[in-house]
Structures are given as structure tokens and as C-alpha cells.
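Text of upload04.txt (compact mmCIF, C-alpha atoms and all ligand atoms) as supplied:
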```
# COMPACT_ATOMS: atom_id res chain seq x y z
CA GLN A 1 -3.42 -29.00 -27.70
CA ALA A 2 -1.35 -30.23 -24.77
CA ARG A 3 1.53 -30.66 -27.19
CA LEU A 4 1.29 -27.01 -28.09
CA LEU A 5 1.09 -26.03 -24.45
CA PHE A 6 4.48 -27.39 -23.49
CA PRO A 7 6.71 -25.13 -25.61
CA LEU A 8 4.67 -22.18 -24.37
CA ILE A 9 5.14 -23.15 -20.78
CA ALA A 10 8.82 -23.77 -21.44
CA LEU A 11 9.06 -20.26 -22.87
CA MET A 12 7.28 -18.73 -19.91
CA ARG A 13 9.65 -20.63 -17.62
CA VAL A 14 12.58 -19.14 -19.49
CA ALA A 15 11.02 -15.69 -19.07
CA LEU A 16 10.78 -16.16 -15.35
CA ASP A 17 14.19 -17.74 -15.11
CA LEU A 18 15.63 -14.70 -16.83
CA GLN A 19 13.70 -12.57 -14.35
CA THR A 20 12.52 -10.64 -17.35
CA SER A 21 9.25 -9.27 -18.54
CA GLY A 22 6.61 -11.71 -19.69
CA ALA A 23 5.48 -9.02 -22.14
CA LEU A 24 8.41 -9.71 -24.44
CA PHE A 25 7.38 -13.34 -24.57
CA ALA A 26 3.72 -12.46 -25.02
CA ARG A 27 4.78 -10.53 -28.13
CA ILE A 28 6.62 -13.58 -29.41
CA PHE A 29 3.45 -15.64 -28.98
CA GLU A 30 1.52 -12.98 -30.83
CA TYR A 31 4.03 -13.00 -33.65
CA LEU A 32 3.77 -16.75 -33.88
CA ASP A 33 -0.01 -16.38 -33.75
CA LEU A 34 -0.19 -18.68 -30.76
CA ARG A 35 -2.61 -18.02 -28.02
CA PRO A 36 -1.07 -18.47 -24.60
CA ALA A 37 -3.00 -21.01 -22.57
CA ILE A 38 -3.20 -18.70 -19.61
CA VAL A 39 -5.06 -15.52 -20.39
CA ASP A 40 -5.83 -12.75 -17.97
CA ALA A 41 -9.38 -12.12 -16.84
CA PRO A 42 -10.69 -8.96 -18.55
CA ASP A 43 -10.70 -7.16 -15.24
CA ALA A 44 -7.33 -8.47 -14.00
CA ALA A 45 -5.55 -5.62 -12.27
CA PRO A 46 -1.85 -5.00 -11.78
CA LEU A 47 -0.32 -5.36 -8.36
CA PRO A 48 1.66 -2.17 -7.92
CA ALA A 49 4.89 -1.92 -5.96
CA GLY A 50 4.01 -1.02 -2.40
CA ALA A 51 0.66 -2.89 -2.53
CA PRO A 52 -0.27 -4.25 0.91
CA ARG A 53 0.79 -7.79 1.87
CA LEU A 54 3.17 -8.19 -1.04
CA GLY A 55 5.16 -11.31 -0.39
CA GLU A 56 2.21 -13.22 1.07
CA VAL A 57 1.57 -16.48 -0.77
CA ALA A 58 -1.31 -18.78 0.08
CA PHE A 59 -3.11 -21.82 -1.31
CA ASP A 60 -6.71 -22.24 -0.37
CA GLY A 61 -8.01 -25.77 -0.99
CA VAL A 62 -6.06 -26.10 -4.25
CA THR A 63 -6.63 -29.17 -6.36
CA PHE A 64 -4.73 -29.52 -9.60
CA ARG A 65 -4.64 -31.98 -12.44
CA TYR A 66 -2.23 -31.56 -15.38
CA PRO A 67 -4.16 -30.83 -18.59
CA ASP A 68 -2.85 -33.99 -20.24
CA ALA A 69 -3.19 -36.26 -17.23
CA ARG A 70 -5.22 -39.33 -18.11
CA GLY A 71 -8.74 -39.36 -16.71
CA GLY A 72 -9.56 -41.33 -13.61
CA GLU A 73 -6.13 -40.81 -12.11
CA ARG A 74 -5.69 -39.04 -8.86
CA ALA A 75 -5.08 -35.29 -9.08
CA THR A 76 -1.46 -34.14 -8.76
CA LEU A 77 -2.39 -31.77 -5.93
CA ASN A 78 -5.31 -32.49 -3.69
CA ASP A 79 -6.92 -29.92 -1.44
CA VAL A 80 -3.65 -28.17 -0.63
CA SER A 81 -3.84 -25.23 1.77
CA PHE A 82 -1.12 -23.14 3.36
CA ALA A 83 -0.36 -19.50 4.09
CA ILE A 84 3.17 -18.12 3.92
CA GLU A 85 3.73 -14.74 5.56
CA PRO A 86 5.81 -12.01 3.93
CA GLY A 87 9.51 -12.65 4.60
CA GLN A 88 9.07 -16.25 5.72
CA TYR A 89 11.30 -19.06 4.50
CA ALA A 90 9.09 -22.02 3.62
CA ALA A 91 10.45 -25.35 2.46
CA PHE A 92 8.54 -28.07 0.63
CA VAL A 93 9.87 -31.57 1.07
CA GLY A 94 8.61 -35.03 0.26
CA PRO A 95 9.20 -38.03 -1.96
CA SER A 96 9.88 -37.71 -5.68
CA GLY A 97 6.68 -37.09 -7.60
CA ALA A 98 4.80 -35.86 -4.53
CA GLY A 99 3.89 -32.56 -6.23
CA LYS A 100 6.42 -30.09 -4.78
CA THR A 101 7.50 -28.60 -8.10
CA THR A 102 3.88 -28.37 -9.19
CA VAL A 103 3.19 -26.12 -6.18
CA SER A 104 5.91 -23.78 -7.45
CA TYR A 105 4.37 -23.73 -10.97
CA LEU A 106 0.99 -22.55 -9.74
CA ILE A 107 2.33 -19.44 -7.97
CA PRO A 108 3.41 -17.53 -11.12
CA ARG A 109 0.44 -19.12 -12.97
CA PHE A 110 2.28 -21.42 -15.34
CA TYR A 111 -0.81 -23.48 -14.73
CA GLU A 112 -4.09 -22.66 -13.07
CA ALA A 113 -5.65 -24.48 -10.16
CA THR A 114 -8.37 -26.92 -11.22
CA SER A 115 -10.28 -25.85 -8.12
CA GLY A 116 -9.51 -23.77 -5.07
CA SER A 117 -7.58 -20.55 -5.06
CA VAL A 118 -3.90 -19.58 -5.34
CA ARG A 119 -3.46 -16.25 -3.59
CA PHE A 120 -0.75 -13.66 -3.90
CA ALA A 121 -0.80 -10.57 -1.67
CA GLY A 122 -4.27 -11.66 -0.57
CA ARG A 123 -5.68 -11.75 -4.10
CA ASP A 124 -6.57 -14.67 -6.31
CA VAL A 125 -3.77 -14.86 -8.92
CA ARG A 126 -6.42 -14.99 -11.67
CA ASP A 127 -7.42 -11.46 -10.73
CA ILE A 128 -3.88 -10.14 -11.05
CA ASP A 129 -2.45 -8.98 -14.35
CA ARG A 130 0.03 -11.77 -15.09
CA GLU A 131 2.81 -9.47 -16.23
CA SER A 132 2.55 -7.68 -12.92
CA LEU A 133 2.35 -10.92 -10.92
CA VAL A 134 5.54 -12.21 -12.52
CA SER A 135 7.32 -8.94 -11.76
CA HIS A 136 7.04 -9.75 -8.04
CA ILE A 137 8.44 -13.29 -8.32
CA GLY A 138 12.03 -14.38 -8.86
CA VAL A 139 13.05 -17.92 -9.68
CA VAL A 140 16.27 -19.80 -9.26
CA SER A 141 15.63 -23.11 -10.95
CA GLN A 142 17.62 -26.18 -11.77
CA GLU A 143 18.31 -25.00 -15.30
CA THR A 144 19.55 -21.48 -15.77
CA TYR A 145 19.10 -20.12 -19.24
CA LEU A 146 22.05 -18.22 -20.69
CA PHE A 147 21.86 -16.43 -24.03
CA HIS A 148 24.78 -16.45 -26.42
CA ALA A 149 25.74 -12.97 -25.25
CA THR A 150 28.08 -11.34 -22.76
CA ILE A 151 27.75 -11.94 -19.03
CA ALA A 152 26.77 -8.28 -18.58
CA GLU A 153 23.98 -8.70 -21.17
CA ASN A 154 22.84 -11.93 -19.57
CA LEU A 155 22.57 -10.17 -16.22
CA ARG A 156 20.74 -7.18 -17.70
CA TYR A 157 17.82 -9.40 -18.74
CA ALA A 158 16.82 -9.00 -15.11
CA LYS A 159 17.09 -5.22 -15.17
CA VAL A 160 17.67 -3.57 -18.54
CA ASP A 161 18.95 -0.28 -17.17
CA ALA A 162 21.29 -1.71 -14.51
CA THR A 163 24.59 0.17 -14.29
CA GLN A 164 27.90 -1.68 -14.33
CA SER A 165 28.23 -0.99 -10.62
CA GLU A 166 24.79 -2.50 -9.93
CA LEU A 167 25.81 -5.59 -11.91
CA GLU A 168 28.95 -5.91 -9.82
CA THR A 169 27.13 -5.41 -6.51
CA ALA A 170 24.67 -8.17 -7.42
CA ALA A 171 27.44 -10.44 -8.69
CA ARG A 172 29.46 -9.91 -5.51
CA ALA A 173 26.47 -10.80 -3.32
CA ALA A 174 25.90 -13.86 -5.50
CA ASN A 175 29.53 -14.95 -5.02
CA ILE A 176 30.22 -14.81 -8.74
CA HIS A 177 32.06 -11.51 -9.22
CA GLU A 178 35.54 -12.92 -8.63
CA THR A 179 34.79 -15.81 -10.97
CA ILE A 180 33.58 -13.43 -13.68
CA MET A 181 36.73 -11.32 -13.27
CA SER A 182 38.83 -14.43 -13.84
CA PHE A 183 37.21 -15.01 -17.27
CA PRO A 184 39.10 -13.85 -20.37
CA ASP A 185 37.01 -10.69 -20.90
CA GLY A 186 35.45 -10.28 -17.48
CA TYR A 187 31.83 -9.07 -17.76
CA GLU A 188 32.23 -8.87 -21.54
CA THR A 189 32.96 -12.59 -21.84
CA VAL A 190 30.53 -14.21 -24.26
CA VAL A 191 28.78 -17.21 -22.70
CA GLY A 192 25.96 -19.56 -23.69
CA GLU A 193 25.90 -21.85 -26.68
CA ARG A 194 29.27 -21.86 -28.44
CA GLY A 195 30.51 -19.35 -25.84
CA TYR A 196 32.53 -19.72 -22.68
CA ARG A 197 31.05 -22.66 -20.81
CA LEU A 198 30.00 -22.06 -17.23
CA SER A 199 29.70 -24.85 -14.69
CA GLY A 200 26.36 -25.71 -13.09
CA GLY A 201 27.30 -23.87 -9.91
CA GLU A 202 28.42 -20.80 -11.84
CA LYS A 203 25.18 -20.71 -13.83
CA GLN A 204 23.21 -20.94 -10.62
CA ARG A 205 25.10 -17.99 -9.19
CA ILE A 206 24.32 -16.02 -12.36
CA ALA A 207 20.65 -16.84 -11.73
CA ILE A 208 21.03 -15.61 -8.15
CA ALA A 209 22.65 -12.38 -9.33
CA ARG A 210 19.65 -11.92 -11.66
CA VAL A 211 17.27 -12.33 -8.73
CA LEU A 212 19.20 -9.75 -6.75
CA LEU A 213 18.98 -7.31 -9.66
CA LYS A 214 15.27 -7.95 -10.07
CA ASP A 215 14.70 -7.66 -6.30
CA PRO A 216 11.29 -9.40 -6.17
CA GLU A 217 9.23 -9.85 -3.00
CA VAL A 218 9.03 -13.62 -3.51
CA LEU A 219 11.83 -16.00 -4.38
CA VAL A 220 11.02 -19.47 -5.66
CA LEU A 221 13.95 -21.74 -5.27
CA ASP A 222 13.89 -25.05 -7.08
CA GLU A 223 16.91 -26.61 -5.53
CA ALA A 224 19.33 -28.46 -7.78
CA THR A 225 19.06 -32.19 -7.49
CA SER A 226 22.41 -32.80 -9.12
CA ALA A 227 25.10 -32.70 -6.52
CA LEU A 228 27.61 -29.89 -6.71
CA ASP A 229 30.97 -30.50 -5.14
CA THR A 230 31.23 -29.43 -1.51
CA ILE A 231 33.03 -26.17 -2.19
CA SER A 232 30.71 -24.92 -4.93
CA GLU A 233 27.73 -26.07 -2.90
CA ARG A 234 28.87 -23.90 -0.01
CA VAL A 235 29.48 -20.94 -2.32
CA VAL A 236 26.04 -21.35 -3.94
CA GLN A 237 24.42 -21.76 -0.53
CA GLN A 238 25.92 -18.50 0.75
CA ALA A 239 24.64 -16.76 -2.38
CA LEU A 240 21.18 -18.23 -1.84
CA ASP A 241 21.17 -17.05 1.75
CA ALA A 242 21.94 -13.55 0.49
CA ALA A 243 19.16 -13.79 -2.10
CA SER A 244 16.50 -15.05 0.33
CA HIS A 245 17.32 -12.45 2.95
CA GLY A 246 14.44 -10.02 3.44
CA ARG A 247 12.03 -11.72 1.03
CA THR A 248 9.55 -14.56 1.10
CA THR A 249 11.34 -17.71 0.00
CA ILE A 250 9.63 -20.85 -1.21
CA ALA A 251 12.20 -23.60 -1.46
CA ILE A 252 11.55 -26.89 -3.20
CA ALA A 253 14.10 -28.71 -1.15
CA HIS A 254 16.03 -31.83 -1.93
CA ARG A 255 18.72 -31.52 0.70
CA LEU A 256 18.29 -31.36 4.41
CA SER A 257 20.81 -28.58 4.97
CA THR A 258 18.46 -25.99 3.46
CA VAL A 259 15.45 -27.19 5.44
CA VAL A 260 16.64 -27.27 9.03
CA GLY A 261 16.50 -23.50 9.49
CA ALA A 262 13.22 -22.92 7.59
CA ASP A 263 10.44 -21.01 9.36
CA VAL A 264 8.05 -23.67 8.18
CA ILE A 265 8.43 -27.02 6.43
CA TYR A 266 5.57 -28.52 4.45
CA VAL A 267 5.77 -32.25 3.89
CA VAL A 268 4.05 -33.21 0.64
CA ASP A 269 3.04 -36.76 -0.15
CA HIS A 270 0.81 -37.93 -3.00
CA GLY A 271 -0.31 -34.37 -3.68
CA ARG A 272 -1.33 -33.57 -0.13
CA ILE A 273 0.33 -31.70 2.69
CA VAL A 274 0.62 -34.34 5.35
CA GLU A 275 2.57 -32.39 7.99
CA HIS A 276 3.91 -28.93 8.60
CA GLY A 277 6.02 -27.25 11.23
CA THR A 278 9.61 -26.41 12.01
CA HIS A 279 12.36 -28.98 11.83
CA SER A 280 12.34 -29.63 15.58
CA GLU A 281 8.54 -29.67 15.79
CA LEU A 282 8.34 -32.22 12.99
CA LEU A 283 11.07 -34.39 14.49
CA ALA A 284 9.16 -34.40 17.77
CA VAL A 285 5.99 -35.54 15.98
CA GLY A 286 7.88 -38.61 14.75
CA GLY A 287 5.92 -38.89 11.48
CA ALA A 288 6.68 -38.60 7.76
CA TYR A 289 9.32 -35.91 8.17
CA ALA A 290 11.13 -37.80 10.91
CA ARG A 291 11.23 -40.85 8.62
CA LEU A 292 12.59 -38.80 5.68
CA TYR A 293 15.16 -37.33 8.02
CA ALA A 294 16.26 -40.71 9.30
CA GLU A 295 16.48 -42.03 5.72
CA GLN A 296 18.60 -39.07 4.76
CA ALA A 297 20.87 -39.36 7.75
CA ALA A 298 21.50 -42.98 6.80
CA ALA A 299 22.23 -42.11 3.15
CA PRO A 300 25.77 -41.45 1.95
CA SER A 301 26.80 -37.83 1.47
CA PRO A 302 25.76 -35.67 -0.35
CA ALA A 303 22.48 -36.95 0.99
CA ARG A 304 19.14 -36.01 -0.42
CA LEU A 305 16.00 -35.65 1.52
CA SER A 306 13.40 -36.35 -1.09
CA ARG A 307 14.72 -38.96 -3.43
CA PRO A 308 15.47 -42.13 -1.59
CA ALA A 309 17.63 -44.32 -3.84
P1 LIG A 401 10.69 -34.39 -7.61
O1 LIG A 401 11.16 -34.36 -6.18
O2 LIG A 401 11.04 -35.68 -8.29
O3 LIG A 401 11.09 -33.19 -8.41
P2 LIG A 401 8.01 -33.35 -7.17
O4 LIG A 401 7.51 -33.60 -5.79
O5 LIG A 401 8.54 -31.99 -7.47
O6 LIG A 401 9.07 -34.44 -7.56
P3 LIG A 401 6.20 -32.89 -9.36
O7 LIG A 401 7.26 -32.58 -10.35
O8 LIG A 401 5.40 -31.75 -8.84
O9 LIG A 401 6.80 -33.70 -8.14
O10 LIG A 401 5.25 -33.96 -10.02
C1 LIG A 401 4.07 -34.45 -9.39
C2 LIG A 401 3.36 -35.45 -10.29
O11 LIG A 401 2.85 -34.82 -11.46
C3 LIG A 401 4.26 -36.57 -10.78
O12 LIG A 401 3.52 -37.78 -10.72
C4 LIG A 401 4.56 -36.21 -12.21
O13 LIG A 401 4.75 -37.34 -13.00
C5 LIG A 401 3.31 -35.47 -12.63
N1 LIG A 401 3.60 -34.45 -13.66
C6 LIG A 401 4.58 -33.52 -13.60
N2 LIG A 401 4.56 -32.73 -14.70
C7 LIG A 401 3.54 -33.19 -15.47
C8 LIG A 401 2.99 -32.79 -16.74
N3 LIG A 401 3.48 -31.77 -17.42
N4 LIG A 401 1.93 -33.49 -17.20
C9 LIG A 401 1.42 -34.54 -16.53
N5 LIG A 401 1.87 -34.96 -15.33
C10 LIG A 401 2.92 -34.29 -14.81
```
Mind converting the file's structure to C-alpha cells?
Amino acid sequence: QARLLFPLIALMRVALDLQTSGALFARIFEYLDLRPAIVDAPDAAPLPAGAPRLGEVAFDGVTFRYPDARGGERATLNDVSFAIEPGQYAAFVGPSGAGKTTVSYLIPRFYEATSGSVRFAGRDVRDIDRESLVSHIGVVSQETYLFHATIAENLRYAKVDATQSELETAARAANIHETIMSFPDGYETVVGERGYRLSGGEKQRIAIARVLLKDPEVLVLDEATSALDTISERVVQQALDAASHGRTTIAIAHRLSTVVGADVIYVVDHGRIVEHGTHSELLAVGGAYARLYAEQAAAPSPARLSRPA
């Protein structure tokens, strides 16, 4: 059963990565006669635009164990609690395997908490119609999915009725417009498999343009672990700053540069939050964060915070 679960979760990840409707993917599951692992409660209600506290994300004593994790092992997340206010920039840092990415999976309900409660806009995510939940969350992940289609079509997965001028506004803010214009057919250039090949940094900026078109209240940012060169890193970073502006941002951070200015940093270790605070508060405490920081400062550039060599 776990085997069957993975392609489904991969598909749902693609849906979120495309910033598109989960309904399309639900229909694919139906066609394939597969039952998605995560089903809505019969009384799950949509979360309409303009609902109060949109953008608030909280974990309340969340413990989580992967469905296929062998018994007896420690849970991946253990009694994790935090509350992120609308518009805050929150960064999750910690060693590899600590559980940071898993936190990001539970917010759009790729998986459900084993116990405790994941809350969105003050409601348990199990009580929110999943389609509606996903409509309020944008993701920029390490892998951006591009269809074998034109750039314009790839962008419109985030907003089917976007006008050309909306596409260009989003692409400009994502620092990718000029690059697109330099391609053989501009926005009509066919990309994806067998198409024009985009670099990692270019794909990421396409993902950022999609987020800007979708305009969700919450942005989940799974920072690339593979190093981009300094110039594309700066260009991507500027685009990310534009995308996180005015919305709750949850960054799974691997580099220090994106963490220093965060409103709050959560340090995760062995599935628990061991410290939280701002960069300067955590340095003053002289604990786990200060050690990660020192390690990173000692590492050669481009240094990573969370994966000591
Ligand atoms: P990194 O910085 O390396 O990305 P992370 O802090 O994001 O690490 P997670 O990816 O959340 O860590 O993984 C936490 C733990 O859960 C790890 O021990 C990992 O092996 C385990 N894990 C991750 N995905 C699964 C899965 N699908 N099934 C079982 N265990 C998993």
C-alpha cells in the first residue's frame, strides 16, 4: 500500500508545484481507479478568500511517523508546536534528516499528523476541503516541473485565464522576463522534455513566476540544496524576496543568507524544535543555532547551514 502511496504523493506534489488545482489530479486518480490516501472529512468545508486569519499556520503538538516507517523507530516529528502569524517569514533550519521538509509536507496535507493538529487559518487542516486548502498555498521546491509545452502554457498552469500582460508582470517580478525574451520564440518557446532546456535557476524563477500568478497567502519555500552560481543565486534570491513579500513564508533553509533576516527561526533536531527566535536572539543563546552558524561560517563558500560535510 505504501508503494502505491508514493506515486500519488508525487502527483500531488506536482500539482502543488504547478500551483494548479488538485481537482484535475483528483480526476486522474478517479480515472485510474485509485483512491487517494488523503480523503476529506465528509463535513470538510472550503476556506473562502477573505476568510479570517488566512496566512496563519500553526502546529499543535504534532507527532508524525511515515506510513512505511519501521515500527519501534522514533517518530519523524515529535510533539512539534509553533504558530506563524500572517505575513511572517519563518525559517526552519537543522541538520540533514531532522524533519524540516516533513514539516512542509504536513501543511498542504500530503500526509496527515499521526497525532496533534496542523492548523491553517485557525482550523484543523482535516476540516478544510483539501482543494480549497491547496488554493491558499504556493510552493517553490527543489524540482520545478515543466510540461513539454510553451513557457506561456507552463505559466498558465498557475492561472488558466492569465493575460499575456499578467504573465509578463509575474515574469518580470521573478527576474525571468528578460531571459524568456532571449529564447528563440520568447513566451512561445517550447520547454520541458525534448524542448528548450532551462537551467536550474531558470526553472526556479519559472516556479516563482507561477507563485506570483497564483498569489497564495502562504508560500512554502524548499530551498535548493544544489549550489547555483553566485550570479544566478542573487537573481533567484531577489525573485524570492519579491514572492515572499506580503505573504506568510515558510522557508526550509539550507543557506544562512536566507535565515538571518527571518522573523523567526525554528531549529529542528531529531524531529523536535529545540530552539526558536531571531538570528541575533539565537546567537546570544549560544546553543544549537550558534553551533550551526559557526560550522557554516567555517565552511567554504557557498556554505550550507544544514548539511555539514
Ligand atoms: P534535509 O535537510 O536533508 O532535506 P530534512 O530535515 O528536511 O533533511 P526530512 O526530509 O523531513 O528531513 O526527513 C526526516 C526523516 O524522515 C529522515 O530520517 C528521513 O529519512 C525520513 N523520511 C523522509 N521521507 C520518508 C518517507 N517517505 N518514508 C519514510 N521515512 C522518510
Note to self: I'd like the contact shell of stretch 166-171 of chain A - 10 Å cut-off, only C-alpha atoms, skipping same-chain residues fewer than 6 positions apart - returned as a count of residues only.
What the structure shows: 24
Margin query: Residues within 12 Å of A:Ala121, please, as an MDAnalysis selection string. Count only C-alpha atoms; anything in the same chain fewer than 2 positions from it doesn't count.
Written below: chainID A and resid 46:59 83:86 107 118:119 123:125 127:128 133 136:137 217:218 248
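Near ligand LIG 401 (chain A), at a distance of at most 8 Å and with all atoms listed in the file counted, sit the residues Phe6, Arg65, Tyr66, Pro67, Asp68, Ala69, Thr76, Leu77, Val93, Gly94, Pro95, Ser96, Gly97, Ala98, Gly99, Lys100, Thr101, Thr102, Val103, Ile252, His254, Val268, Asp269, His270, Gly271, Ser306 and Arg307 of chain A.
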Check: Pick the closest to A:His148 from A:Glu188, A:Glu112, A:Asp161, A:Glu281: which is it, counting all atoms listed in the file?
Finding: A:Glu188
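Here atom CA of A:Ala173 and atom CA of A:Glu131 stand 27.0 Å from one another.
Reported to one decimal place, the separation of atom CA of A:Val259 from atom CA of A:Ala284 is 15.6 Å.
The spacing separating atom CA of A:Leu219 from atom CA of A:Gln204 amounts to 13.9 Å.
Minimum distance to A:Gly195 across A:Ala149, A:Ile231, A:Ala298, A:Val220 (counting only C-alpha atoms) occurs at A:Ala149.
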Notebook entry, point to check: Within 8 Å of A:Tyr266, counting all atoms listed in the file, which residues qualify if same-chain residues fewer than 4 places away don't, as an MDAnalysis selection string?
Noted result: chainID A and resid 90:93 273:277
Adding 5 Å on each side of the box along x, y and z that holds all listed atoms of stretch 87-91 of chain A, could you give its centre and edge lengths in Å to one decimal, as AutoDock Vina command-line options?
```
--center_x 10.2 --center_y -19.0 --center_z 4.1 --size_x 12.2 --size_y 22.7 --size_z 13.3
```
Applying 7 Å and only C-alpha atoms, which residues near A:Leu18 remain after dropping the ones on its own chain fewer than 6 positions away? List them as an mmCIF file with C-alpha atoms, in the coordinates of the input.
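So the final result, stored in part06.cif, reads:
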```
data_model
loop_
_atom_site.group_PDB
_atom_site.id
_atom_site.type_symbol
_atom_site.label_atom_id
_atom_site.label_comp_id
_atom_site.auth_asym_id
_atom_site.auth_seq_id
_atom_site.Cartn_x
_atom_site.Cartn_y
_atom_site.Cartn_z
ATOM 1 C CA TYR A 145 19.100 -20.120 -19.240
ATOM 2 C CA TYR A 157 17.820 -9.400 -18.740
ATOM 3 C CA ALA A 158 16.820 -9.000 -15.110
#
```
With N, CA and C atoms retained, output stretch 241-255 of chain A as a CSV table (one decimal), in the first residue's frame.
```csv
chain,number,residue,atom,x,y,z
A,241,ASP,N,12.5,37.1,-2.8
A,241,ASP,CA,12.2,38.2,-1.9
A,241,ASP,C,10.9,38.9,-2.4
A,242,ALA,N,10.8,39.0,-3.8
A,242,ALA,CA,9.5,39.6,-4.3
A,242,ALA,C,8.4,38.7,-4.1
A,243,ALA,N,8.6,37.3,-4.2
A,243,ALA,CA,7.5,36.4,-4.0
A,243,ALA,C,7.0,36.3,-2.5
A,244,SER,N,8.0,36.5,-1.6
A,244,SER,CA,7.6,36.3,-0.2
A,244,SER,C,7.0,37.6,0.4
A,245,HIS,N,7.2,38.7,-0.3
A,245,HIS,CA,6.7,40.0,0.2
A,245,HIS,C,5.2,40.0,0.3
A,246,GLY,N,4.7,40.3,1.5
A,246,GLY,CA,3.3,40.4,1.8
A,246,GLY,C,2.6,39.1,2.0
A,247,ARG,N,3.3,38.0,2.1
A,247,ARG,CA,2.6,36.7,2.4
A,247,ARG,C,3.4,35.9,3.4
A,248,THR,N,2.8,35.1,4.1
A,248,THR,CA,3.4,34.2,5.1
A,248,THR,C,4.4,33.3,4.3
A,249,THR,N,5.7,33.3,4.7
A,249,THR,CA,6.7,32.4,4.1
A,249,THR,C,7.3,31.4,5.0
A,250,ILE,N,7.2,30.2,4.6
A,250,ILE,CA,7.8,29.1,5.4
A,250,ILE,C,9.0,28.6,4.6
A,251,ALA,N,10.2,28.9,5.0
A,251,ALA,CA,11.4,28.5,4.3
A,251,ALA,C,12.1,27.4,4.9
A,252,ILE,N,12.3,26.3,4.2
A,252,ILE,CA,13.1,25.2,4.6
A,252,ILE,C,14.5,25.6,4.1
A,253,ALA,N,15.3,26.0,5.1
A,253,ALA,CA,16.5,26.8,4.7
A,253,ALA,C,17.8,25.9,4.7
A,254,HIS,N,18.6,26.0,3.7
A,254,HIS,CA,19.9,25.3,3.8
A,254,HIS,C,21.0,26.3,3.8
A,255,ARG,N,20.8,27.5,3.5
A,255,ARG,CA,21.8,28.5,3.5
A,255,ARG,C,21.5,29.6,4.5
```
